There are 8 protein chains.
Amino acid sequence: MHHSTVDPERLARQGFPEVVYCQSKTAEQVTDNLRALAAANGRAFGTRLPADLAEAVLAALPDAVYEPLGRTISLGAMPPENARAIAIVTAGTSDLPIAEEAAATLAFLGHPVLRFNDIGVAGIHRLHARIDEIRNASVVIVVAGMEGALPSVIGGLVAAPLIAVPTSVGYGAAFEGLAALLGMLNSCAAGLTVVNIDNGFGAAMAAHRILHSTHTSP
Amino acid sequence: MHHSTVDPERLARQGFPEVVYCQSKTAEQVTDNLRALAAANGRAFGTRLPADLAEAVLAALPDAVYEPLGRTISLGAMPPENARAIAIVTAGTSDLPIAEEAAATLAFLGHPVLRFNDIGVAGIHRLHARIDEIRNASVVIVVAGMEGALPSVIGGLVAAPLIAVPTSVGYGAAFEGLAALLGMLNSCAAGLTVVNIDNGFGAAMAAHRILHSTHTSP
Amino acid sequence: MHHSTVDPERLARQGFPEVVYCQSKTAEQVTDNLRALAAANGRAFGTRLPADLAEAVLAALPDAVYEPLGRTISLGAMPPENARAIAIVTAGTSDLPIAEEAAATLAFLGHPVLRFNDIGVAGIHRLHARIDEIRNASVVIVVAGMEGALPSVIGGLVAAPLIAVPTSVGYGAAFEGLAALLGMLNSCAAGLTVVNIDNGFGAAMAAHRILHSTHTSP
Amino acid sequence: MHHSTVDPERLARQGFPEVVYCQSKTAEQVTDNLRALAAANGRAFGTRLPADLAEAVLAALPDAVYEPLGRTISLGAMPPENARAIAIVTAGTSDLPIAEEAAATLAFLGHPVLRFNDIGVAGIHRLHARIDEIRNASVVIVVAGMEGALPSVIGGLVAAPLIAVPTSVGYGAAFEGLAALLGMLNSCAAGLTVVNIDNGFGAAMAAHRILHSTHTSP
Amino acid sequence: MHHSTVDPERLARQGFPEVVYCQSKTAEQVTDNLRALAAANGRAFGTRLPADLAEAVLAALPDAVYEPLGRTISLGAMPPENARAIAIVTAGTSDLPIAEEAAATLAFLGHPVLRFNDIGVAGIHRLHARIDEIRNASVVIVVAGMEGALPSVIGGLVAAPLIAVPTSVGYGAAFEGLAALLGMLNSCAAGLTVVNIDNGFGAAMAAHRILHSTHTSP
Amino acid sequence: MHHSTVDPERLARQGFPEVVYCQSKTAEQVTDNLRALAAANGRAFGTRLPADLAEAVLAALPDAVYEPLGRTISLGAMPPENARAIAIVTAGTSDLPIAEEAAATLAFLGHPVLRFNDIGVAGIHRLHARIDEIRNASVVIVVAGMEGALPSVIGGLVAAPLIAVPTSVGYGAAFEGLAALLGMLNSCAAGLTVVNIDNGFGAAMAAHRILHSTHTSP
Amino acid sequence: MHHSTVDPERLARQGFPEVVYCQSKTAEQVTDNLRALAAANGRAFGTRLPADLAEAVLAALPDAVYEPLGRTISLGAMPPENARAIAIVTAGTSDLPIAEEAAATLAFLGHPVLRFNDIGVAGIHRLHARIDEIRNASVVIVVAGMEGALPSVIGGLVAAPLIAVPTSVGYGAAFEGLAALLGMLNSCAAGLTVVNIDNGFGAAMAAHRILHSTHTSP
Amino acid sequence: MHHSTVDPERLARQGFPEVVYCQSKTAEQVTDNLRALAAANGRAFGTRLPADLAEAVLAALPDAVYEPLGRTISLGAMPPENARAIAIVTAGTSDLPIAEEAAATLAFLGHPVLRFNDIGVAGIHRLHARIDEIRNASVVIVVAGMEGALPSVIGGLVAAPLIAVPTSVGYGAAFEGLAALLGMLNSCAAGLTVVNIDNGFGAAMAAHRILHSTHTSP
């Protein structure tokens with residue numbers, strides 16, 4: 001019995017290559033999958049790779065690059081960067097690991113990233129100071145835990161597509177990101193969309209769909 | 001068996017007279033209770049009085065005043081107004097009934113009210129245009145449904161006590177006010193407090209405790 | 001006290017004009033708001049307008065057009081259509097009202113719509129028969145209740161941005177759309193995004209952000 | 001006080017012998033129970049045996065066989081295989097431990113198993129490539145986490161009994177398998193049934209009830 | 001735009017013809033669908049048809065038969081009955097509507113039904129008095145609300161496949177069937193399977209898959 | 001600041017002495033409290049004492065007795081036993097720790113206990129074999145996890161007061177005892193009462209209230 | 001098919017006769033059941049009988065007595081009263097219907113009742129004024145909605161068995177009685193027990209088990 | 001990329017300086033932040049600092065003071081104390097860590113604190129013995145887990161502002177503080193407000209807003 005069914009045509013079908021979700025895999029499985037994908041696509045990428053597992057994978061794949069904060073791994077040459085940038089905004093310092101996961105995924109897909117950290121709504125002047133820069137982005141990804149209010153405010157200030165990422169940051173009645181998730185789904189700013197809790201990878205992929213598709217569709 | 005146990009000393013003990021919660025009472029019970037409290041305290045007040053029930057109560061108590069939006073009823077002369085005002089801010093028009101319940105309760109307790117309607121975070125400029133007026137208030141009550149983000153933003157802009165009231169406005173994953181409630185409890189702005197969903201009365205009472213107590217304590 | 005704070009600069013700021021959410025408003029409030037927005041922007045649009053209220057609004061605004069299935073109302077000339085179309089896919093016939101809300105919103109914003117109805121995953125051949133047409137769309141909106149599996153399957157077959165709309169269709173453990181919402185948030189297809197339960201309007205707005213922004217950003 | 005009440009007639013009453021649930025038992029309790037059941041029935045089986053406990057049990061029962069992925073243990077000769085096979089399908093590699101628990105249980109009960117791994121709906125072509133093989137099975141067990149959409153698609157393609165097993169694979173709003181469970185309970189494909197989260201053992205037992213009963217009932 | 005996408009090959013693919021879910025359809029839609037399916041398959045069947053809608057449908061289809069308790073409608077000649085019977089057991093009288101939905105569905109598919117009503121676990125002697133009859137069935141469907149304990153007890157007494165149907169019967173902490181659903185999913189009797197709350201139709205379909213498939217598979 | 005406010009008159013007021021809940025206390029706090037209560041009442045009792053903490057407490061109080069399964073500790077001479085016994089019934093072996101907590105608490109209060117282990121509803125004959133003995137008890141405590149069905153069955157067979165204790169035994173949709181708790185609250189057997197999840201101590205106290213009070217009230 | 005399975009030996013087995021739960025029954029079913037039980041036991045009792053249904057039942061059974069507040073119906077001569085009384089305490093006036101259901105059930109079973117209404121914890125002096133009377137009761141039933149705190153306070157003041165009944169009184173985050181239910185299950189007063197939300201009948205039955213059993217057991 | 005965006009004007013804007021939330025930060029980040037804030041404001045404060053991290057921070061900042069129970073750290077001279085005191089009341093000993101967090105925060109802000117420990121409602125006499133002292137406070141903070149009833153009782157006895165802090169103390173159906181949170185939100189005592197579970201810091205900040213604002217507003 002083999003453990004995985006590879007999907008070599010995903011790039012043609014979906015516009016992006018398969019990515020390895022490393023959470024419940026062994027070092028061998030991660031290594032095998034990265035190698036196979038790099039052989040097929042020229043480069044490979046993995047998410048949710050714990051630090052202890054990363055050591056074993058890097059021993060087998062010394063050319064791979066591991067980002068410990070976002071827990072991503074990449075192998076092979078990154079693509080040349082596109083012209084249009086994506087903004088990644090975090091509400092607080094604790095949201096950084098999820099933002100890093102998104103940023104590394106976008107780098108793997110060739111998208112330049114603008115970073116705006118720790119500008120949550122409790123000090124709204126921090127956001128106003130940077131909003132013009134944020135407006136330069138083609139897509140805005142907003143990462144926030146606790147009450148998850150930042151996407152609503154930014155959504156009212158920019159016209160670009162906005163992808164909200166709730167994080168499990170917070171305690172008590174945050175219920176592991178549920179409060180932020182519900183907040184974002186009920187945003188009073190029209191036209192926001194939401195991904196799963198802590199899913200920086202998914203937000204990056206959604207941004208890629210937007211930029212990739214609008215470049216290439218007739 | 002009598003249906004209620006009156007509490008004539010509540011004013012002395014808690015600083016405010018007993019109030020009639022009318023939701024599941026008959027017109028006779030509401031009328032009796034209002035009359036008894038007006039006899040004891042000079043005036044009486046009731047909340048959550050449905051419009052159809054109000055008609056019957058007003059027939060029996062022609063001097064009473066019914067506010068249909070906030071569904072409150074008051075009987076007897078209102079007290080002279082205090083010097084310090086309380087701001088009531090709503091995120092959207094749909095939050096008005098709860099704001100009205102709070103306003104009528106405060107009027108009954110002698111507090112002047114400043115109103116700021118429909119200035120939710122999706123259009124943050126509407127809030128900035130009025131923030132200096134809000135800063136003039138001694139206490140700020142913020143009423144919001146959907147994601148409930150407005151208290152977080154205001155909480156970062158004012159030093160006054162801020163009481164957040166989640167409302168059941170919204171649909172789908174708002175879950176009858178749960179999203180706003182969780183959002184407010186997890187606010188990244190420090191020192192906010194929260195009352196029950198749609199509890200405009202409770203927010204007014206909390207504001208009264210603040211102003212009453214700080215006036216009279218040594 | 002006035003009941004609303006208008007936002008005439010939303011078009012400049014966010015790329016779309018203000019829209020009237022009619023659910024808890026009176027006929028007078030809806031009529032006033034539509035008139036004011038049409039005066040400012042040349043046309044106006046409202047969502048969640050119940051049939052009985054619509055009658056009163058149409059009496060006051062005889063030029064307005066009401067769509068009873070999607071419960072939307074529009075006033076004024078619709079804009080010329082853009083070149084790029086948006087696909088709206090439903091899993092079942094019961095999802096149509098939400099799809100209609102999305103379609104009417106897109107029409108108001110000038111986007112041509114392709115419709116694919118009742119092609120849920122229980123009969124996957126229905127989807128395969130139409131997938132090439134769906135691939136022609138610049139953005140895909142997928143509306144589904146019950147288990148909400150259709151976005152996952154389509155997400156694996158198209159490269160375009162995909163916005164998933166959970167509906168409250170289903171009974172028992174569907175919990176008013178919660179099952180579909182959780183299913184879509186946990187989709188194994190990468191890069192999907194999700195809006196609130198029954199939020200056809202929000203999905204249309206998100207699609208508009210994608211097409212509007214990629215047209216006009218540098 | 002003795003710790004267990006044995007049930008030697010379960011085979012006659014229910015068509016299968018008692019099985020040891022090892023999760024919260026000591027190595028001594030597991031060993032005793034397996035020995036007693038093997039003495040009564042010729043063979044014995046245990047589920048949810050952690051790897052560290054397994055070592056101690058194997059020291060006492062050197063003939064027992066431990067499967068570390070599915071965490072099952074069996075003792076005694078397995079029965080001859082029946083003619084009709086059961087398909088076990090997984091959506092992803094992370095669902096394998098639960099599929100292994102089901103497979104080992106079926107082996108213990110004498111049922112041949114066909115395995116189909118990692119063919120989730122995000123790449124629907126993987127499923128189509130194997131659907132004819134799946135149609136050969138008398139019963140189909142589908143194991144899936146995340147949104148749990150795979151049973152709906154397969155349920156629309158096969159006529160056999162289909163038992164869906166939600167797994168706790170996923171993060172954030174997967175809520176430890178709740179999303180997959182609700183998805184499967186609300187499947188738009190008619191006639192699916194569902195077992196508890198991560199309950200590979202229960203699915204196997206349900207398959208056994210189907211094949212055993214239809215073999216032997218008049 | 002047509003409202004439905006018919007699926008004429010479902011009988012060949014899944015072993016049963018398409019069935020009309022009438023809940024949110026108009027009388028015209030129900031009538032059209034029943035007529036089209038009867039033309040294709042010789043007979044047609046609908047579930048969740050409210051009494052008021054049924055009147056209009058029966059006016060258009062005078063040969064159709066409506067069962068008010070289970071809210072089902074059937075059109076055309078029922079098939080000859082199979083040899084093997086299915087037991088439908090209810091815990092209480094209030095569970096009858098769901099049991100009726102299951103029974104009418106099974107009649108439509110040609111399966112004889114044995115009925116056992118109001119034999120819940122609070123009076124276990126009522127179950128013991130009838131258990132030998134229940135053991136004669138090829139498949140057992142157990143319908144129960146409140147704590148949903150009946151399937152566990154029967155599951156320990158019979159070897160046949162057992163499908164548990166939680167109902168929304170109960171109040172307070174029954175939470176509309178959630179208590180019964182969780183109870184059945186956690187049954188200590190091995191090999192039970194569960195369908196959605198109040199889903200008598202789904203249970204009947206699952207029973208049909210079992211009997212149909214084991215008759216016809218090689 | 002002292003850490004506790006002792007309550008020496010609880011015995012007079014409530015019929016039982018204060019008991020130490022050891023979960024989040026230090027060894028010193030537990031030791032101090034036990035000593036103080038033993039000095040006041042002649043004996044003392046503590047619950048939820050982890051094994052590692054118990055060692056330190058026993059070093060300081062060598063006459064104390066620790067029961068590792070139920071995690072209770074007692075100090076001083078136990079009272080003479082009452083005439084009337086209390087039955088403690090468990091559904092499965094995994095429920096034993098909670099049953100032990102109840103048993104040790106009852107011993108501390110002078111009540112003889114009858115034990116019935118591992119007689120859950122999946123093998124109902126095990127219960128029938130012992131029901132006459134259970135009927136001899138003055139009060140019946142039933143401890144069960146998973147679906148928590150055992151109290152319903154016993155409640156239909158005995159006339160004595162029955163206290164149901166849900167346990168956190170089970171996995172997946174057991175949700176840490178929630179399934180059993182809801183099942184017991186919705187029992188179809190009339191007159192059962194329920195305590196918190198895993199609260200063997202509370203069940204014993206409730207039984208004590210019953211026997212103590214009916215002995216001594218006029 | 002008959003709709004119910006009667007249980008004539010319940011009195012012998014459980015110490016109380018069968019009672020009719022009228023909620024989802026027709027007037028004919030209620031009438032039949034009451035008549036049959038009165039014929040068997042000399043008297044009969046029904047709960048949750050809506051006012052409109054009651055009219056039809058009383059037309060058929062003119063000797064029956066209907067209590068509209070508690071929605072109970074009784075038929076036949078009530079038994080002579082026992083010597084020992086049961087206290088029923090309510091936190092607020094809105095809890096009365098549930099208290100009435102309990103009181104009527106106890107009357108049917110021959111137990112004298114002491115009533116204490118509207119003495120919730122917000123005015124603790126009301127409770128202190130009556131606590132000595134409450135201490136005279138053999139069993140105390142406490143009925144409370146909202147936060148459900150009253151049982152905790154009374155539980156610390158009396159030694160008698162205390163049965164807590166959460167009610168669905170309250171709004172917003174009361175979640176239809178969930179807040180009160182959780183509060184009572186987590187009471188810091190030892191030895192309380194809890195029944196389902198709004199289950200006045202169940203509390204009365206539990207009290208009956210206590211008094212009946214302790215009278216008659218050896 | 002720098003990890004934080006400092007907010008030096010928070011003192012002017014909100015009446016209190018920025019505070020470091022240490023939970024998910026490194027020792028270096030905590031140290032840097034404390035140093036920067038002490039440089040700006042003369043003193044600095046951090047919450048949720050785990051004991052192991054505190055050691056490293058204290059090595060770098062030997063003048064800082066760490067409170068292990070409440071897990072707070074402070075640096076710099078504390079301000080002179082205000083005239084008006086704040087009462088902190090706990091229901092049980094296990095609530096002390098949260099009370100300590102509140103007390104340390106208040107000390108940092110210059111407010112004298114009165115402590116009342118372990119006076120929960122199960123022994124209401126303990127509360128009555130101290131209520132006159134509590135009435136001397138300008139603001140009352142009540143910290144309670146389990147059913148969270150203490151704020152309701154105190155709220156009925158004092159006129160001062162009352163801030164309720166639910167704690168995660170309790171087990172089973174306490175659901176990590178949810179029971180206490182819901183209880184406090186539904187308090188029958190008017191005018192209480194609530195903060196997040198275990199949020200002693202937030203309660204202190206809310207008290208500071210009350211005292212600060214009423215001192216300085218016109």
# chains A, B, ... in the order shown; residues from 1 in each chain; ligands from 1

$ interface_residues --of "chain H" --to "chain G" --cutoff "7 Å" --atoms "only C-alpha atoms" --output "number ranges by chain"
H: 121-124, 146-147, 149, 152-153, 155-156, 173-174, 179-180, 182-189

$ residues_around --residues "D:Gly42" --least-positions-apart "6" --cutoff "9 Å" --atoms "only C-alpha atoms" --output "ChimeraX atom specification"
/D:75-77

$ write_last_selection --atoms "C-alpha atoms" --output "PDB file, in the first residue's frame"
ATOM      1  CA  LEU D  75      -4.131 -12.744  19.205  1.00  0.00           C
ATOM      2  CA  GLY D  76      -4.824 -16.197  17.745  1.00  0.00           C
ATOM      3  CA  ALA D  77      -5.386 -17.434  14.208  1.00  0.00           C
TER       4      ALA D  77
END

$ select_by_dssp --residues "stretch 74-184 of chain C" --states "strand (DSSP E or B)" --output "list in words"
Ser74, Leu75, Ile86, Ala87, Ile88, Val89, Thr90, Val113, Leu114, Arg115, Phe116, Val139, Val140, Ile141, Val142, Val143, Ala144, Leu162, Ile163, Ala164, Val165 and Pro166 of chain C

$ write_last_selection --atoms "N, CA, C and O atoms" --output "CSV table (one decimal), in the first residue's frame"
chain,number,residue,atom,x,y,z
C,74,SER,N,-33.9,47.4,-7.1
C,74,SER,CA,-33.0,48.3,-7.7
C,74,SER,C,-33.7,49.5,-8.3
C,74,SER,O,-34.9,49.3,-8.7
C,75,LEU,N,-33.0,50.6,-8.4
C,75,LEU,CA,-33.6,51.8,-8.8
C,75,LEU,C,-32.6,52.5,-9.7
C,75,LEU,O,-31.4,52.6,-9.3
C,86,ILE,N,-19.0,36.3,-14.4
C,86,ILE,CA,-18.8,35.6,-13.1
C,86,ILE,C,-19.8,34.5,-13.1
C,86,ILE,O,-21.0,34.6,-13.5
C,87,ALA,N,-19.3,33.3,-12.8
C,87,ALA,CA,-20.2,32.1,-12.7
C,87,ALA,C,-20.8,32.0,-11.3
C,87,ALA,O,-20.2,32.2,-10.3
C,88,ILE,N,-22.1,31.7,-11.3
C,88,ILE,CA,-22.8,31.5,-10.0
C,88,ILE,C,-23.4,30.0,-10.1
C,88,ILE,O,-24.2,29.7,-11.0
C,89,VAL,N,-22.9,29.2,-9.2
C,89,VAL,CA,-23.2,27.8,-9.3
C,89,VAL,C,-24.0,27.4,-8.0
C,89,VAL,O,-23.6,27.8,-6.9
C,90,THR,N,-25.1,26.7,-8.2
C,90,THR,CA,-25.8,26.2,-7.0
C,90,THR,C,-25.8,24.7,-6.9
C,90,THR,O,-25.8,24.0,-7.9
C,113,VAL,N,-23.4,37.6,-15.7
C,113,VAL,CA,-23.4,36.4,-14.9
C,113,VAL,C,-23.7,35.2,-15.7
C,113,VAL,O,-24.6,35.2,-16.5
C,114,LEU,N,-23.0,34.1,-15.4
C,114,LEU,CA,-23.3,32.8,-16.0
C,114,LEU,C,-23.9,31.9,-14.9
C,114,LEU,O,-23.4,31.9,-13.8
C,115,ARG,N,-25.1,31.3,-15.2
C,115,ARG,CA,-25.8,30.5,-14.1
C,115,ARG,C,-25.7,29.0,-14.3
C,115,ARG,O,-25.9,28.5,-15.4
C,116,PHE,N,-25.4,28.3,-13.3
C,116,PHE,CA,-25.3,26.8,-13.3
C,116,PHE,C,-26.1,26.3,-12.1
C,116,PHE,O,-25.6,26.4,-10.9
C,139,VAL,N,-14.4,34.7,-12.2
C,139,VAL,CA,-14.6,34.4,-10.7
C,139,VAL,C,-15.7,33.4,-10.7
C,139,VAL,O,-16.7,33.5,-11.4
C,140,VAL,N,-15.7,32.5,-9.7
C,140,VAL,CA,-16.7,31.5,-9.5
C,140,VAL,C,-17.3,31.6,-8.1
C,140,VAL,O,-16.6,31.6,-7.1
C,141,ILE,N,-18.6,31.8,-8.0
C,141,ILE,CA,-19.3,31.8,-6.8
C,141,ILE,C,-20.1,30.5,-6.7
C,141,ILE,O,-20.9,30.2,-7.5
C,142,VAL,N,-19.9,29.8,-5.6
C,142,VAL,CA,-20.5,28.5,-5.4
C,142,VAL,C,-21.4,28.6,-4.2
C,142,VAL,O,-21.0,28.8,-3.1
C,143,VAL,N,-22.7,28.3,-4.4
C,143,VAL,CA,-23.7,28.4,-3.3
C,143,VAL,C,-24.2,27.0,-3.0
C,143,VAL,O,-24.7,26.3,-3.8
C,144,ALA,N,-24.1,26.6,-1.7
C,144,ALA,CA,-24.5,25.3,-1.3
C,144,ALA,C,-24.9,25.2,0.1
C,144,ALA,O,-24.2,25.8,1.0
C,162,LEU,N,-12.4,31.5,-6.2
C,162,LEU,CA,-13.7,30.8,-5.9
C,162,LEU,C,-14.2,31.3,-4.5
C,162,LEU,O,-13.5,31.2,-3.5
C,163,ILE,N,-15.4,31.8,-4.5
C,163,ILE,CA,-16.0,32.3,-3.3
C,163,ILE,C,-17.2,31.3,-2.9
C,163,ILE,O,-18.1,31.2,-3.7
C,164,ALA,N,-17.1,30.8,-1.7
C,164,ALA,CA,-18.1,29.8,-1.3
C,164,ALA,C,-19.1,30.4,-0.4
C,164,ALA,O,-18.8,31.2,0.5
C,165,VAL,N,-20.4,30.2,-0.7
C,165,VAL,CA,-21.5,30.7,0.1
C,165,VAL,C,-22.3,29.6,0.7
C,165,VAL,O,-23.0,28.9,0.1
C,166,PRO,N,-22.1,29.4,2.1
C,166,PRO,CA,-23.0,28.4,2.7
C,166,PRO,C,-24.4,28.9,2.8
C,166,PRO,O,-24.6,30.1,3.1

$ residues_around --residues "stretch 99-111 of chain G" --least-positions-apart "3" --cutoff "7 Å" --atoms "only C-alpha atoms" --output "count of residues only"
18

$ closest_residue --among "B:Ala44, B:Leu49, B:Glu18, B:Arg209" --to "H:Val158" --atoms "only C-alpha atoms"
B:Arg209

$ residues_around --residues "A:Thr31" --least-positions-apart "2" --cutoff "12 Å" --atoms "only C-alpha atoms" --output "MDAnalysis selection string"
chainID A and resid 20:22 25:29 33:38 44:46 49 53:64 73:75

$ write_last_selection --atoms "C-alpha atoms" --output "short mmCIF file (atom, residue, chain, number, x, y, z; two decimals), in the first residue's frame"
data_model
loop_
_atom_site.label_atom_id
_atom_site.label_comp_id
_atom_site.auth_asym_id
_atom_site.auth_seq_id
_atom_site.Cartn_x
_atom_site.Cartn_y
_atom_site.Cartn_z
CA VAL A 20 2.91 19.27 1.19
CA TYR A 21 0.91 19.59 4.42
CA CYS A 22 3.49 18.23 6.88
CA LYS A 25 3.59 13.10 8.34
CA THR A 26 6.92 11.48 9.16
CA ALA A 27 10.22 13.03 8.09
CA GLU A 28 10.51 10.36 5.45
CA GLN A 29 7.10 11.11 4.00
CA ASN A 33 6.94 14.25 -1.20
CA LEU A 34 9.14 17.33 -1.49
CA ARG A 35 11.60 15.48 -3.68
CA ALA A 36 8.87 14.12 -5.96
CA LEU A 37 7.24 17.51 -6.36
CA ALA A 38 10.55 19.26 -6.98
CA ALA A 44 8.48 22.26 -3.89
CA PHE A 45 6.90 23.71 -0.78
CA GLY A 46 5.63 22.40 2.57
CA LEU A 49 6.48 21.51 9.54
CA LEU A 53 10.87 17.30 12.16
CA ALA A 54 12.47 20.03 10.06
CA GLU A 55 15.92 19.05 11.30
CA ALA A 56 15.57 15.54 9.92
CA VAL A 57 14.18 16.79 6.64
CA LEU A 58 16.98 19.32 6.23
CA ALA A 59 19.54 16.59 6.86
CA ALA A 60 18.11 14.71 3.90
CA LEU A 61 17.50 17.80 1.76
CA PRO A 62 20.37 20.18 2.59
CA ASP A 63 19.31 22.67 -0.14
CA ALA A 64 15.87 23.17 1.37
CA ILE A 73 9.97 24.64 3.96
CA SER A 74 10.87 25.31 0.34
CA LEU A 75 13.09 23.51 -2.11
#

$ closest_residue --among "D:Pro97, D:Leu11, D:Arg84, D:Leu192" --to "D:Glu67" --atoms "only C-alpha atoms"
D:Pro97

$ decode --residues "stretch 15-26 of chain F" --atoms "N, CA, C and O atoms" --output "mmCIF file, in the first residue's frame"
data_model
loop_
_atom_site.group_PDB
_atom_site.id
_atom_site.type_symbol
_atom_site.label_atom_id
_atom_site.label_comp_id
_atom_site.auth_asym_id
_atom_site.auth_seq_id
_atom_site.Cartn_x
_atom_site.Cartn_y
_atom_site.Cartn_z
ATOM 1 N N GLY F 15 -25.340 19.616 57.143
ATOM 2 C CA GLY F 15 -25.391 18.186 57.436
ATOM 3 C C GLY F 15 -24.149 17.423 57.052
ATOM 4 O O GLY F 15 -24.107 16.201 57.163
ATOM 5 N N PHE F 16 -23.133 18.138 56.571
ATOM 6 C CA PHE F 16 -21.873 17.452 56.283
ATOM 7 C C PHE F 16 -20.746 18.447 56.474
ATOM 8 O O PHE F 16 -20.926 19.646 56.290
ATOM 9 N N PRO F 17 -19.548 17.951 56.864
ATOM 10 C CA PRO F 17 -18.430 18.869 57.088
ATOM 11 C C PRO F 17 -17.831 19.347 55.774
ATOM 12 O O PRO F 17 -18.038 18.740 54.723
ATOM 13 N N GLU F 18 -17.072 20.408 55.825
ATOM 14 C CA GLU F 18 -16.357 20.912 54.651
ATOM 15 C C GLU F 18 -15.376 19.863 54.132
ATOM 16 O O GLU F 18 -14.792 19.109 54.897
ATOM 17 N N VAL F 19 -15.212 19.831 52.820
ATOM 18 C CA VAL F 19 -14.314 18.882 52.173
ATOM 19 C C VAL F 19 -13.315 19.676 51.342
ATOM 20 O O VAL F 19 -13.657 20.714 50.780
ATOM 21 N N VAL F 20 -12.063 19.183 51.245
ATOM 22 C CA VAL F 20 -11.012 19.910 50.535
ATOM 23 C C VAL F 20 -10.983 19.492 49.066
ATOM 24 O O VAL F 20 -10.816 18.307 48.763
ATOM 25 N N TYR F 21 -11.156 20.451 48.179
ATOM 26 C CA TYR F 21 -10.996 20.204 46.740
ATOM 27 C C TYR F 21 -9.543 20.507 46.412
ATOM 28 O O TYR F 21 -9.093 21.649 46.475
ATOM 29 N N CYS F 22 -8.742 19.468 46.110
ATOM 30 C CA CYS F 22 -7.289 19.608 46.091
ATOM 31 C C CYS F 22 -6.705 19.990 44.736
ATOM 32 O O CYS F 22 -5.500 20.258 44.648
ATOM 33 N N GLN F 23 -7.492 20.006 43.704
ATOM 34 C CA GLN F 23 -6.991 20.118 42.330
ATOM 35 C C GLN F 23 -5.911 21.185 42.146
ATOM 36 O O GLN F 23 -4.834 20.887 41.701
ATOM 37 N N SER F 24 -6.203 22.410 42.473
ATOM 38 C CA SER F 24 -5.242 23.471 42.160
ATOM 39 C C SER F 24 -4.595 24.027 43.429
ATOM 40 O O SER F 24 -4.227 25.190 43.476
ATOM 41 N N LYS F 25 -4.450 23.176 44.418
ATOM 42 C CA LYS F 25 -3.795 23.628 45.652
ATOM 43 C C LYS F 25 -2.390 23.034 45.750
ATOM 44 O O LYS F 25 -2.078 22.001 45.167
ATOM 45 N N THR F 26 -1.538 23.672 46.558
ATOM 46 C CA THR F 26 -0.210 23.133 46.844
ATOM 47 C C THR F 26 -0.333 22.071 47.943
ATOM 48 O O THR F 26 -1.352 21.986 48.640
#
